[in-house]
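Novice: Input file: data18.tsv. Contents: TSV, C-alpha atoms and all ligand atoms.
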```
chain	number	residue	atom	x	y	z
X	197	MET	CA	3.32	-17.08	13.66
X	198	GLY	CA	3.36	-16.46	9.89
X	199	ARG	CA	5.59	-14.26	7.78
X	200	VAL	CA	4.66	-11.38	5.49
X	201	PHE	CA	6.01	-11.49	1.91
X	202	VAL	CA	5.60	-8.28	-0.07
X	203	ALA	CA	6.30	-8.36	-3.82
X	204	GLY	CA	6.41	-4.77	-4.97
X	205	SER	CA	8.03	-1.51	-5.91
X	206	ILE	CA	10.95	0.21	-4.22
X	207	ASN	CA	11.27	3.91	-5.06
X	208	MET	CA	13.13	6.98	-3.99
X	209	ASP	CA	10.49	9.68	-3.49
X	210	VAL	CA	11.79	13.10	-4.53
X	211	VAL	CA	9.38	15.42	-2.74
X	212	ALA	CA	9.00	19.15	-3.38
X	213	THR	CA	6.81	21.08	-0.95
X	214	ALA	CA	4.97	24.25	-1.99
X	215	ASP	CA	2.15	26.47	-0.73
X	216	ARG	CA	-0.05	25.26	-3.56
X	217	HIS	CA	0.09	22.90	-6.53
X	218	PRO	CA	0.97	24.47	-9.91
X	219	ARG	CA	-1.77	24.54	-12.56
X	220	LEU	CA	-1.00	22.86	-15.89
X	221	GLY	CA	1.79	24.86	-17.58
X	222	GLU	CA	2.42	26.98	-14.48
X	223	THR	CA	5.56	27.25	-12.32
X	224	VAL	CA	5.30	27.90	-8.60
X	225	ALA	CA	8.11	28.48	-6.10
X	226	GLY	CA	8.73	25.50	-3.83
X	227	ARG	CA	9.77	25.54	-0.18
X	228	GLU	CA	11.89	22.41	0.41
X	229	VAL	CA	13.04	19.25	-1.32
X	230	PHE	CA	13.27	15.86	0.43
X	231	TYR	CA	14.51	12.41	-0.58
X	232	PHE	CA	12.25	9.92	1.20
X	233	PRO	CA	12.32	6.12	0.84
X	234	GLY	CA	9.06	5.03	-0.80
X	235	GLY	CA	7.42	2.79	-3.36
X	236	LYS	CA	4.25	0.93	-2.51
X	237	GLY	CA	6.00	-2.40	-1.96
X	238	ALA	CA	8.70	-0.96	0.27
X	239	ASN	CA	6.20	1.17	2.22
X	240	GLN	CA	3.96	-1.83	2.90
X	241	ALA	CA	6.93	-3.97	3.94
X	242	VAL	CA	8.20	-1.29	6.34
X	243	ALA	CA	4.71	-0.89	7.84
X	244	ALA	CA	4.46	-4.66	8.45
X	245	ALA	CA	7.99	-4.98	9.86
X	246	LYS	CA	7.59	-2.03	12.23
X	247	LEU	CA	4.41	-3.57	13.58
X	248	GLY	CA	6.36	-6.69	14.49
X	249	ALA	CA	5.85	-9.15	11.63
X	250	ALA	CA	8.80	-11.00	10.12
X	251	THR	CA	8.75	-9.40	6.67
X	252	THR	CA	10.48	-10.24	3.39
X	253	LEU	CA	10.44	-7.80	0.46
X	254	ILE	CA	10.71	-9.12	-3.10
X	255	GLY	CA	11.76	-6.55	-5.69
X	256	ARG	CA	14.56	-4.83	-7.56
X	257	VAL	CA	16.69	-1.72	-7.32
X	258	GLY	CA	19.30	-0.29	-9.68
X	259	THR	CA	23.02	-0.32	-8.94
X	260	ASP	CA	22.95	3.43	-8.26
X	261	ALA	CA	23.10	5.69	-5.22
X	262	PHE	CA	19.30	5.64	-4.69
X	263	GLY	CA	19.39	1.83	-4.68
X	264	ARG	CA	22.16	1.73	-2.10
X	265	ASP	CA	20.42	4.32	0.13
X	266	LEU	CA	17.13	2.43	-0.04
X	267	ARG	CA	18.78	-0.86	0.85
X	268	ALA	CA	20.43	0.73	3.90
X	269	PHE	CA	17.15	2.29	5.04
X	270	LEU	CA	15.12	-0.90	4.59
X	271	GLU	CA	17.68	-3.01	6.40
X	272	ALA	CA	17.55	-0.61	9.33
X	273	GLN	CA	13.76	-1.18	9.51
X	274	ASP	CA	14.30	-4.96	9.83
X	275	VAL	CA	12.93	-5.76	6.39
X	276	ASP	CA	14.53	-8.94	5.01
X	277	LEU	CA	16.12	-8.00	1.65
X	278	THR	CA	17.51	-11.37	0.59
X	279	LEU	CA	15.03	-11.38	-2.33
X	280	VAL	CA	15.73	-7.82	-3.48
X	281	ARG	CA	17.98	-7.99	-6.56
X	282	ASP	CA	20.37	-5.37	-7.88
X	283	THR	CA	19.58	-4.68	-11.52
X	284	PRO	CA	22.40	-2.99	-13.48
X	285	GLU	CA	20.29	-2.55	-16.63
X	286	ALA	CA	17.79	-0.15	-15.03
X	287	HIS	CA	17.81	2.75	-12.56
X	288	THR	CA	16.15	2.55	-9.17
X	289	GLY	CA	12.43	3.41	-9.27
X	290	THR	CA	11.85	7.11	-8.71
X	291	ALA	CA	8.71	9.03	-7.78
X	292	ILE	CA	8.49	12.78	-8.32
X	293	ILE	CA	6.04	14.10	-5.75
X	294	THR	CA	4.65	17.58	-5.17
X	295	LEU	CA	3.14	18.18	-1.76
X	296	ALA	CA	0.94	21.15	-0.89
X	297	ASN	CA	-1.72	21.44	1.84
X	298	ALA	CA	-1.16	17.79	2.86
X	299	ASP	CA	-2.21	16.62	-0.62
X	300	ASN	CA	0.08	15.20	-3.29
X	301	THR	CA	0.54	14.59	-6.99
X	302	ILE	CA	2.90	11.77	-8.03
X	303	VAL	CA	4.69	10.77	-11.24
X	304	VAL	CA	6.36	7.36	-10.87
X	305	VAL	CA	9.14	6.24	-13.19
X	306	PRO	CA	9.36	2.46	-12.58
X	307	GLY	CA	12.96	1.72	-13.65
X	308	ALA	CA	14.03	-1.56	-12.01
X	309	ASN	CA	10.50	-2.20	-10.67
X	310	ALA	CA	9.32	-2.95	-14.22
X	311	LEU	CA	11.78	-5.88	-14.32
X	312	VAL	CA	10.47	-7.76	-11.27
X	313	SER	CA	9.88	-11.14	-12.90
X	314	ALA	CA	8.19	-14.49	-12.47
X	315	ALA	CA	11.55	-15.93	-11.42
X	316	ASP	CA	11.82	-13.33	-8.61
X	317	VAL	CA	8.49	-14.31	-7.06
X	318	THR	CA	8.95	-18.06	-7.28
X	319	MET	CA	11.94	-17.89	-4.90
X	320	PRO	CA	10.27	-17.45	-1.50
X	321	SER	CA	9.25	-20.52	0.47
X	322	LEU	CA	5.73	-19.51	1.44
X	323	ALA	CA	3.77	-21.62	3.94
X	324	GLU	CA	0.34	-21.82	5.53
X	325	GLY	CA	-0.16	-18.87	7.90
X	326	ASP	CA	1.98	-16.56	5.75
X	327	VAL	CA	0.54	-13.50	4.06
X	328	ALA	CA	1.46	-12.53	0.47
X	329	VAL	CA	0.97	-8.87	-0.47
X	330	SER	CA	1.26	-7.06	-3.78
X	331	GLN	CA	0.27	-3.93	-5.75
X	332	PHE	CA	0.46	-2.61	-9.31
X	333	GLU	CA	3.87	-0.93	-9.48
X	334	ILE	CA	5.43	-4.19	-10.71
X	335	PRO	CA	4.19	-6.15	-13.77
X	336	LEU	CA	0.67	-7.56	-13.30
X	337	SER	CA	1.74	-10.93	-14.72
X	338	THR	CA	4.31	-11.19	-11.90
X	339	VAL	CA	1.63	-10.42	-9.30
X	340	GLY	CA	-0.54	-13.22	-10.72
X	341	ILE	CA	2.27	-15.77	-10.52
X	342	PHE	CA	3.14	-14.68	-6.98
X	343	PHE	CA	-0.46	-15.11	-5.80
X	344	LYS	CA	-0.85	-18.50	-7.52
X	345	ARG	CA	2.21	-19.69	-5.69
X	346	ALA	CA	0.99	-18.22	-2.40
X	347	ARG	CA	-2.41	-19.88	-2.78
X	348	ALA	CA	-0.79	-23.24	-3.56
X	349	ALA	CA	1.22	-22.93	-0.33
X	350	GLY	CA	-1.88	-22.11	1.74
X	351	ALA	CA	-0.86	-18.49	2.35
X	352	ALA	CA	-3.40	-15.64	2.38
X	353	THR	CA	-3.22	-13.05	-0.42
X	354	ILE	CA	-3.76	-9.30	-0.15
X	355	LEU	CA	-4.00	-7.18	-3.30
X	356	ASN	CA	-3.81	-3.40	-3.25
X	357	PRO	CA	-4.64	-2.61	-6.92
X	358	ALA	CA	-2.82	0.72	-6.91
X	359	PRO	CA	-2.14	2.79	-8.91
X	360	ALA	CA	-5.55	2.23	-10.53
X	361	LEU	CA	-5.31	-0.08	-13.56
X	362	ALA	CA	-7.87	-2.30	-15.23
X	363	PHE	CA	-7.13	-5.98	-14.59
X	364	ASP	CA	-8.79	-9.26	-15.35
X	365	ARG	CA	-11.03	-11.48	-13.30
X	366	GLY	CA	-8.40	-14.24	-13.17
X	367	LEU	CA	-6.21	-12.13	-10.89
X	368	LEU	CA	-9.13	-11.04	-8.70
X	369	ASP	CA	-10.02	-14.71	-8.16
X	370	LEU	CA	-6.57	-15.25	-6.56
X	371	VAL	CA	-7.18	-12.55	-3.93
X	372	ASP	CA	-8.43	-13.14	-0.37
X	373	ILE	CA	-8.37	-9.53	0.76
X	374	LEU	CA	-8.72	-6.59	-1.62
X	375	ILE	CA	-7.76	-3.18	-0.20
X	376	LEU	CA	-8.40	-0.23	-2.48
X	377	ASN	CA	-9.43	3.42	-2.45
X	378	GLU	CA	-12.54	4.89	-4.06
X	379	THR	CA	-10.80	5.68	-7.37
X	380	GLU	CA	-9.54	2.12	-7.73
X	381	LEU	CA	-12.95	0.71	-6.75
X	382	GLY	CA	-14.67	3.01	-9.26
X	383	LEU	CA	-12.46	1.71	-12.08
X	384	LEU	CA	-13.00	-1.94	-11.14
X	385	ALA	CA	-16.73	-1.70	-10.49
X	386	LYS	CA	-17.27	0.59	-13.50
X	387	ALA	CA	-19.02	3.11	-11.24
X	388	GLU	CA	-18.50	6.84	-10.78
X	389	LEU	CA	-17.50	7.15	-7.16
X	390	ARG	CA	-16.46	10.18	-5.14
X	391	ASN	CA	-15.06	10.22	-1.63
X	392	THR	CA	-18.13	12.24	-0.61
X	393	ASP	CA	-20.54	9.44	-1.58
X	394	ASP	CA	-22.38	7.71	1.23
X	395	ASN	CA	-21.21	4.33	2.54
X	396	ALA	CA	-24.06	2.45	0.83
X	397	ARG	CA	-22.64	3.41	-2.61
X	398	PHE	CA	-19.27	1.88	-1.71
X	399	VAL	CA	-20.89	-1.25	-0.29
X	400	GLU	CA	-22.93	-1.68	-3.48
X	401	ALA	CA	-19.84	-1.20	-5.69
X	402	ALA	CA	-17.77	-3.60	-3.55
X	403	ARG	CA	-20.53	-6.23	-3.68
X	404	SER	CA	-20.57	-6.02	-7.47
X	405	LEU	CA	-16.97	-7.30	-7.52
X	406	GLN	CA	-17.48	-10.68	-5.98
X	407	ALA	CA	-19.29	-13.73	-7.21
X	408	GLY	CA	-18.95	-15.56	-3.87
X	409	LYS	CA	-18.99	-13.94	-0.43
X	410	ASP	CA	-15.68	-15.14	0.90
X	411	LYS	CA	-13.49	-12.22	-0.15
X	412	VAL	CA	-12.81	-9.32	2.21
X	413	ILE	CA	-13.14	-6.05	0.29
X	414	CYS	CA	-11.87	-2.97	2.12
X	415	VAL	CA	-12.44	0.48	0.65
X	416	THR	CA	-10.21	3.09	2.27
X	417	LEU	CA	-11.71	6.56	2.35
X	418	GLY	CA	-8.97	8.85	3.66
X	419	LYS	CA	-10.02	10.75	6.76
X	420	ARG	CA	-13.41	8.98	6.68
X	421	GLY	CA	-11.65	5.70	7.54
X	422	ALA	CA	-12.79	2.58	5.69
X	423	VAL	CA	-15.88	0.65	4.63
X	424	VAL	CA	-15.34	-3.10	4.50
X	425	LEU	CA	-17.28	-6.15	3.36
X	426	VAL	CA	-16.51	-9.11	5.62
X	427	ASN	CA	-18.54	-12.24	4.81
X	428	ASP	CA	-20.69	-9.88	2.75
X	429	GLU	CA	-21.58	-7.88	5.89
X	430	PRO	CA	-20.67	-4.15	5.78
X	431	LEU	CA	-18.34	-2.96	8.52
X	432	VAL	CA	-17.57	0.74	8.99
X	433	ILE	CA	-14.21	1.72	10.51
X	434	PRO	CA	-14.50	5.43	11.31
X	435	GLY	CA	-11.47	7.61	10.56
X	436	ARG	CA	-9.60	9.17	13.46
X	437	ALA	CA	-9.65	12.97	13.77
X	438	VAL	CA	-6.02	13.99	13.38
X	439	LYS	CA	-4.16	16.84	11.69
X	440	ALA	CA	-2.74	15.40	8.47
X	441	LEU	CA	0.63	16.73	7.35
X	442	ASP	CA	1.43	14.37	4.46
X	443	THR	CA	-0.91	11.56	3.39
X	444	THR	CA	1.64	9.91	1.05
X	445	GLY	CA	1.81	6.22	1.93
X	446	ALA	CA	-1.32	6.19	4.14
X	447	GLY	CA	-2.90	3.49	2.02
X	448	ASP	CA	0.36	1.50	2.11
X	449	CYS	CA	0.52	1.79	5.88
X	450	PHE	CA	-3.03	0.42	6.09
X	451	VAL	CA	-2.20	-2.53	3.81
X	452	GLY	CA	1.06	-3.40	5.58
X	453	ALA	CA	-0.63	-3.19	8.96
X	454	VAL	CA	-3.46	-5.55	7.94
X	455	ALA	CA	-0.88	-8.04	6.64
X	456	ALA	CA	1.20	-7.86	9.83
X	457	GLN	CA	-1.82	-8.36	12.08
X	458	LEU	CA	-3.10	-11.34	10.11
X	459	ALA	CA	0.36	-12.96	10.06
X	460	THR	CA	0.56	-12.60	13.82
X	461	GLY	CA	-2.80	-14.30	14.29
X	462	GLN	CA	-5.24	-11.39	14.78
X	463	SER	CA	-8.81	-11.51	13.47
X	464	ILE	CA	-9.65	-9.50	10.36
X	465	ARG	CA	-11.67	-7.00	12.43
X	466	ASP	CA	-8.79	-6.36	14.83
X	467	ALA	CA	-6.41	-6.11	11.89
X	468	LEU	CA	-8.58	-3.45	10.24
X	469	GLU	CA	-8.93	-1.42	13.48
X	470	THR	CA	-5.17	-1.51	14.00
X	471	ALA	CA	-4.53	-0.53	10.38
X	472	ASN	CA	-6.83	2.49	10.73
X	473	ILE	CA	-4.91	3.65	13.80
X	474	ALA	CA	-1.53	3.01	12.18
X	475	ALA	CA	-2.48	4.96	9.03
X	476	SER	CA	-3.80	7.86	11.10
X	477	ILE	CA	-0.36	8.10	12.74
X	478	CYS	CA	1.38	7.87	9.36
X	479	VAL	CA	-0.48	10.90	7.92
X	480	GLN	CA	0.77	13.13	10.73
X	481	ARG	CA	4.38	12.75	9.54
X	482	MET	CA	6.34	13.67	6.44
X	483	GLY	CA	7.34	11.03	3.90
X	484	ALA	CA	6.03	7.57	3.01
X	485	ALA	CA	8.22	4.77	4.42
X	486	PRO	CA	9.77	6.90	7.20
X	487	SER	CA	6.32	7.74	8.59
X	488	MET	CA	5.24	4.16	9.36
X	489	PRO	CA	4.52	3.74	13.10
X	490	THR	CA	5.86	1.15	15.52
X	491	ALA	CA	3.66	-1.34	17.36
X	492	ALA	CA	4.26	0.61	20.59
X	493	GLU	CA	2.95	3.82	19.00
X	494	VAL	CA	-0.21	2.06	17.83
X	495	VAL	CA	-0.76	0.49	21.27
X	496	ALA	CA	-0.36	3.92	22.90
X	497	VAL	CA	-3.16	5.33	20.72
X	498	ARG	CA	-5.37	2.30	21.33
X	499	ARG	CA	-5.01	2.75	25.10
X	500	GLY	CA	-5.89	6.44	24.70
O	1	LIG	P1	-2.20	7.04	-0.68
O	1	LIG	O1	-2.34	6.73	-2.15
O	1	LIG	O2	-1.89	8.47	-0.37
O	1	LIG	O3	-1.33	6.08	0.06
O	1	LIG	P2	-4.89	5.96	-0.44
O	1	LIG	O4	-5.83	6.76	-1.30
O	1	LIG	O5	-4.48	4.63	-0.93
O	1	LIG	O6	-3.63	6.86	-0.04
O	1	LIG	P3	-6.51	6.66	1.81
O	1	LIG	O7	-7.87	6.10	1.64
O	1	LIG	O8	-6.32	8.12	1.52
O	1	LIG	O9	-5.50	5.74	0.97
O	1	LIG	O10	-5.99	6.42	3.29
O	1	LIG	C1	-5.77	5.13	3.81
O	1	LIG	C2	-6.12	5.13	5.27
O	1	LIG	O11	-5.31	6.09	5.95
O	1	LIG	C3	-7.55	5.54	5.60
O	1	LIG	O12	-8.44	4.44	5.46
O	1	LIG	C4	-7.39	6.01	7.04
O	1	LIG	O13	-7.32	4.90	7.91
O	1	LIG	C5	-6.02	6.70	7.01
O	1	LIG	N1	-6.10	8.14	6.68
O	1	LIG	C6	-5.86	8.73	5.49
O	1	LIG	N2	-6.00	10.07	5.56
O	1	LIG	C7	-6.33	10.34	6.84
O	1	LIG	C8	-6.62	11.55	7.57
O	1	LIG	N3	-6.59	12.76	6.98
O	1	LIG	N4	-6.94	11.44	8.88
O	1	LIG	C9	-6.97	10.22	9.52
O	1	LIG	N5	-6.71	9.05	8.87
O	1	LIG	C10	-6.39	9.10	7.57
O	2	LIG	O1	1.70	5.00	-2.19
O	2	LIG	C1	2.69	5.96	-2.07
O	2	LIG	C2	3.84	5.64	-2.97
O	2	LIG	O2	3.42	5.70	-4.31
O	2	LIG	C3	5.00	6.61	-2.87
O	2	LIG	O3	5.95	6.25	-1.87
O	2	LIG	C4	5.57	6.64	-4.26
O	2	LIG	O4	6.81	5.98	-4.37
O	2	LIG	C5	4.52	5.97	-5.15
O	2	LIG	O5	4.94	4.78	-5.60
```
Can I see the file as C-alpha cells?
Specialist:
Amino acid sequence: MGRVFVAGSINMDVVATADRHPRLGETVAGREVFYFPGGKGANQAVAAAKLGAATTLIGRVGTDAFGRDLRAFLEAQDVDLTLVRDTPEAHTGTAIITLANADNTIVVVPGANALVSAADVTMPSLAEGDVAVSQFEIPLSTVGIFFKRARAAGAATILNPAPALAFDRGLLDLVDILILNETELGLLAKAELRNTDDNARFVEAARSLQAGKDKVICVTLGKRGAVVLVNDEPLVIPGRAVKALDTTGAGDCFVGAVAAQLATGQSIRDALETANIAASICVQRMGAAPSMPTAAEVVAVRRG
C-alpha cells in the first residue's frame, strides 16, 4: 500500500456568512464568523487521511496562534506533519472567505505558504506506489521540483492547478493526473468555458492539453459531477443530488480522495466514483478541512 504526499498550502479560513454577497464598494451585515482549518494542501491531505491513506503533508506555518491551532487540528486527523516547518519570518496563510447561498468568494494571503521551498520538497522518501499531490498555493517552481522527484521515485503525480494560473508545458509534462475545474481548464486550454457548456466542450478542451493519451484529465463541474478523459476515452461521473450548504473545499476533497484511493490500490475509475461521493458529502457541511468525510461515511452512501 502506497503513501500520499501532499505539498501545499495550510491556511486558517476566516469565514463570514451573510444572506448575500456585497457588491463592489458595498457593506452588508453578516450573520456569523468562523475560523475553519483550510488551505488547498491541508484540505487535500485531510481528505486523503480520513479515507484511510497514510498521508504526509509538506508545507509551512507561521509561529503564531493560527499555526499552532492548525497543527493541532491536522494532527488530530492523522496527517503526518513531520515535514511541516514553523516559519518565524512569515505569518500563517490566511484566507478571508465570504459565504452566502452556499457560494463563496475568497482572498488568500499566502504568508508562510509562499516560502515552501525546493529544500522542503526534497525531504520525503517517495517510492513506487506512492502518490504525490500539489496545487498552486505554493511556488510553482517548488511544485515542479516535487513532481520531478516523485517521477524519479516511480510515484504517481496529481496536479490540481488551483487557483487558476498560467503555467508552462514543462510542469504539465510531469503530471499523471490533472484535476481542475472549468475556469482552470479554460485558462489552460485558452477556451471560453462555462459550467453550463455541454460535456463535449470540456472533452474537446481537455483533449487539446495532451500530446500523448496517457494522462488522466478530470474536469470537475460542481453539482454536475465530473467529465474525465481516461486513455483518451471520455467518462462522465454524474453529480449526486444533495443540498449544498458550503462548497468550499469540494474540489480539494475530490483531489484528496482520488489520491487516497490510488495509493490504496483502487483503479482510476473506482477512485473517481469514490471522490465524487466524498465531495458530495463535503458540500453538505460547513468549512473546508472539517467537512472531509471518513471512509465509513463514503461506504454508507455507496451502499445506499
Ligand atoms: P472549490 O474551489 O470550491 O473547492 P472546485 O471548483 O475546485 O471547488 P467543484 O467542481 O465545484 O470544485 O466541485 C468538486 C466536486 O465536488 C464535483 O466534481 C462534485 O463531485 C462535488 N460537488 C461540488 N458541488 C456539488 C454539489 N452542489 N452537489 C453535489 N456534489 C458537488
Ligand atoms: O479550496 C478551498 C481553499 O482555498 C480554502 O480552504 C482556502 O484556504 C483557499 O485556499
Novice: Give, as lines of an AutoDock Vina configuration file, the centre coordinates and the x, y and z edge lengths in Å to one decimal for an axis-aligned box around all listed atoms of ligand LIG 1 (chain O), padded by 8 Å on each side.
Specialist:
```
center_x = -4.9
center_y = 8.6
center_z = 3.7
size_x = 23.1
size_y = 24.3
size_z = 27.7
```
Novice: Might you pull out every residue within 12 Å of Ala348 in chain X, with all atoms listed in the file counted and same-chain residues fewer than 3 positions away left off, and present them as a list of chain:residue names?
Specialist: X:Thr318, X:Ser321, X:Leu322, X:Ala323, X:Glu324, X:Asp326, X:Ala328, X:Ile341, X:Phe342, X:Phe343, X:Lys344, X:Arg345, X:Ala351, X:Ala352, X:Thr353, X:Leu370
Novice: Suppose you want the space between CA of Leu277 in chain X and CA of Gly255 in chain X; what is it in Å?
Specialist: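 Computing the Euclidean distance for CA of Leu277 in chain X and CA of Gly255 in chain X yields 8.7 Å.
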Novice: CA of Ala358 in chain X and CA of Asn300 in chain X are how many Å apart?
Specialist: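 Atom-to-atom, CA of Ala358 in chain X to CA of Asn300 in chain X, that is 15.2 Å.
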Novice: What are the closest atom pairs, with distances in Å to one decimal, for all residues of range 295-379 of chain X lying within 12 Å of range 441-461 of chain X? Consider all atoms listed in the file, order rows by chain and residue number, and present the result as CSV.
Specialist:
```
residue,atom,partner,partner_atom,distance
X:Leu295,CA,X:Asp442,CA,7.5
X:Ala296,CA,X:Asp442,CA,8.7
X:Asn297,CA,X:Leu441,CA,7.6
X:Ala298,CA,X:Asp442,CA,4.6
X:Asp299,CA,X:Thr443,CA,6.6
X:Asn300,CA,X:Thr444,CA,7.0
X:Thr301,CA,X:Thr444,CA,9.4
X:Ile302,CA,X:Thr444,CA,9.4
X:Ala323,CA,X:Ala459,CA,11.1
X:Glu324,CA,X:Ala459,CA,10.0
X:Gly325,CA,X:Ala459,CA,6.3
X:Asp326,CA,X:Ala459,CA,5.8
X:Val327,CA,X:Ala459,CA,6.0
X:Ala328,CA,X:Ala455,CA,8.0
X:Val329,CA,X:Ala455,CA,7.4
X:Ser330,CA,X:Val451,CA,9.5
X:Gln331,CA,X:Asp448,CA,9.6
X:Ala351,CA,X:Ala459,CA,9.6
X:Ala352,CA,X:Leu458,CA,8.9
X:Thr353,CA,X:Ala455,CA,9.0
X:Ile354,CA,X:Ala455,CA,7.5
X:Leu355,CA,X:Val451,CA,8.7
X:Asn356,CA,X:Val451,CA,7.3
X:Pro357,CA,X:Gly447,CA,11.0
X:Ala358,CA,X:Gly447,CA,9.4
X:Pro359,CA,X:Gly447,CA,11.0
X:Asp372,CA,X:Ala455,CA,11.5
X:Ile373,CA,X:Val454,CA,9.6
X:Leu374,CA,X:Val451,CA,9.4
X:Ile375,CA,X:Val451,CA,6.9
X:Leu376,CA,X:Gly447,CA,8.0
X:Asn377,CA,X:Gly447,CA,7.9
X:Glu378,CA,X:Gly447,CA,11.5
```
Novice: Using only C-alpha atoms, find the one residue out of X:Val415, X:Met208, X:Val497, X:Ala385 that sits nearest to Val257 in chain X.
Specialist: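 When distances to Val257 in chain X are compared using only C-alpha atoms, the smallest one comes from X:Met208.
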Novice: Mind filling out range 269-281 of chain X with N, CA, C and O atoms and sending it as a CSV table (one decimal), in the coordinates of the input?
Specialist:
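Okay, this is what ended up in out33.csv:
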```csv
chain,number,residue,atom,x,y,z
X,269,PHE,N,18.3,1.9,4.3
X,269,PHE,CA,17.2,2.3,5.0
X,269,PHE,C,16.3,1.1,5.4
X,269,PHE,O,15.9,0.9,6.5
X,270,LEU,N,16.0,0.2,4.4
X,270,LEU,CA,15.1,-0.9,4.6
X,270,LEU,C,15.7,-1.9,5.6
X,270,LEU,O,15.0,-2.5,6.4
X,271,GLU,N,17.0,-2.1,5.5
X,271,GLU,CA,17.7,-3.0,6.4
X,271,GLU,C,17.5,-2.5,7.8
X,271,GLU,O,17.3,-3.3,8.8
X,272,ALA,N,17.7,-1.2,8.0
X,272,ALA,CA,17.6,-0.6,9.3
X,272,ALA,C,16.1,-0.7,9.9
X,272,ALA,O,15.9,-0.6,11.1
X,273,GLN,N,15.1,-1.0,9.0
X,273,GLN,CA,13.8,-1.2,9.5
X,273,GLN,C,13.5,-2.7,9.7
X,273,GLN,O,12.3,-3.0,9.9
X,274,ASP,N,14.5,-3.5,9.6
X,274,ASP,CA,14.3,-5.0,9.8
X,274,ASP,C,13.5,-5.6,8.7
X,274,ASP,O,12.9,-6.7,9.0
X,275,VAL,N,13.6,-5.1,7.5
X,275,VAL,CA,12.9,-5.8,6.4
X,275,VAL,C,14.0,-6.7,5.8
X,275,VAL,O,15.1,-6.3,5.5
X,276,ASP,N,13.6,-8.0,5.6
X,276,ASP,CA,14.5,-8.9,5.0
X,276,ASP,C,14.7,-8.6,3.5
X,276,ASP,O,13.7,-8.6,2.8
X,277,LEU,N,15.9,-8.4,3.1
X,277,LEU,CA,16.1,-8.0,1.6
X,277,LEU,C,16.8,-9.1,0.8
X,277,LEU,O,17.3,-8.8,-0.2
X,278,THR,N,16.8,-10.3,1.3
X,278,THR,CA,17.5,-11.4,0.6
X,278,THR,C,16.9,-11.6,-0.8
X,278,THR,O,17.6,-12.1,-1.7
X,279,LEU,N,15.6,-11.2,-1.0
X,279,LEU,CA,15.0,-11.4,-2.3
X,279,LEU,C,14.9,-10.1,-3.1
X,279,LEU,O,14.1,-10.0,-4.1
X,280,VAL,N,15.7,-9.1,-2.7
X,280,VAL,CA,15.7,-7.8,-3.5
X,280,VAL,C,17.0,-7.9,-4.3
X,280,VAL,O,18.1,-8.0,-3.8
X,281,ARG,N,16.8,-7.8,-5.7
X,281,ARG,CA,18.0,-8.0,-6.6
X,281,ARG,C,18.5,-6.7,-7.1
X,281,ARG,O,17.7,-5.8,-7.4
```
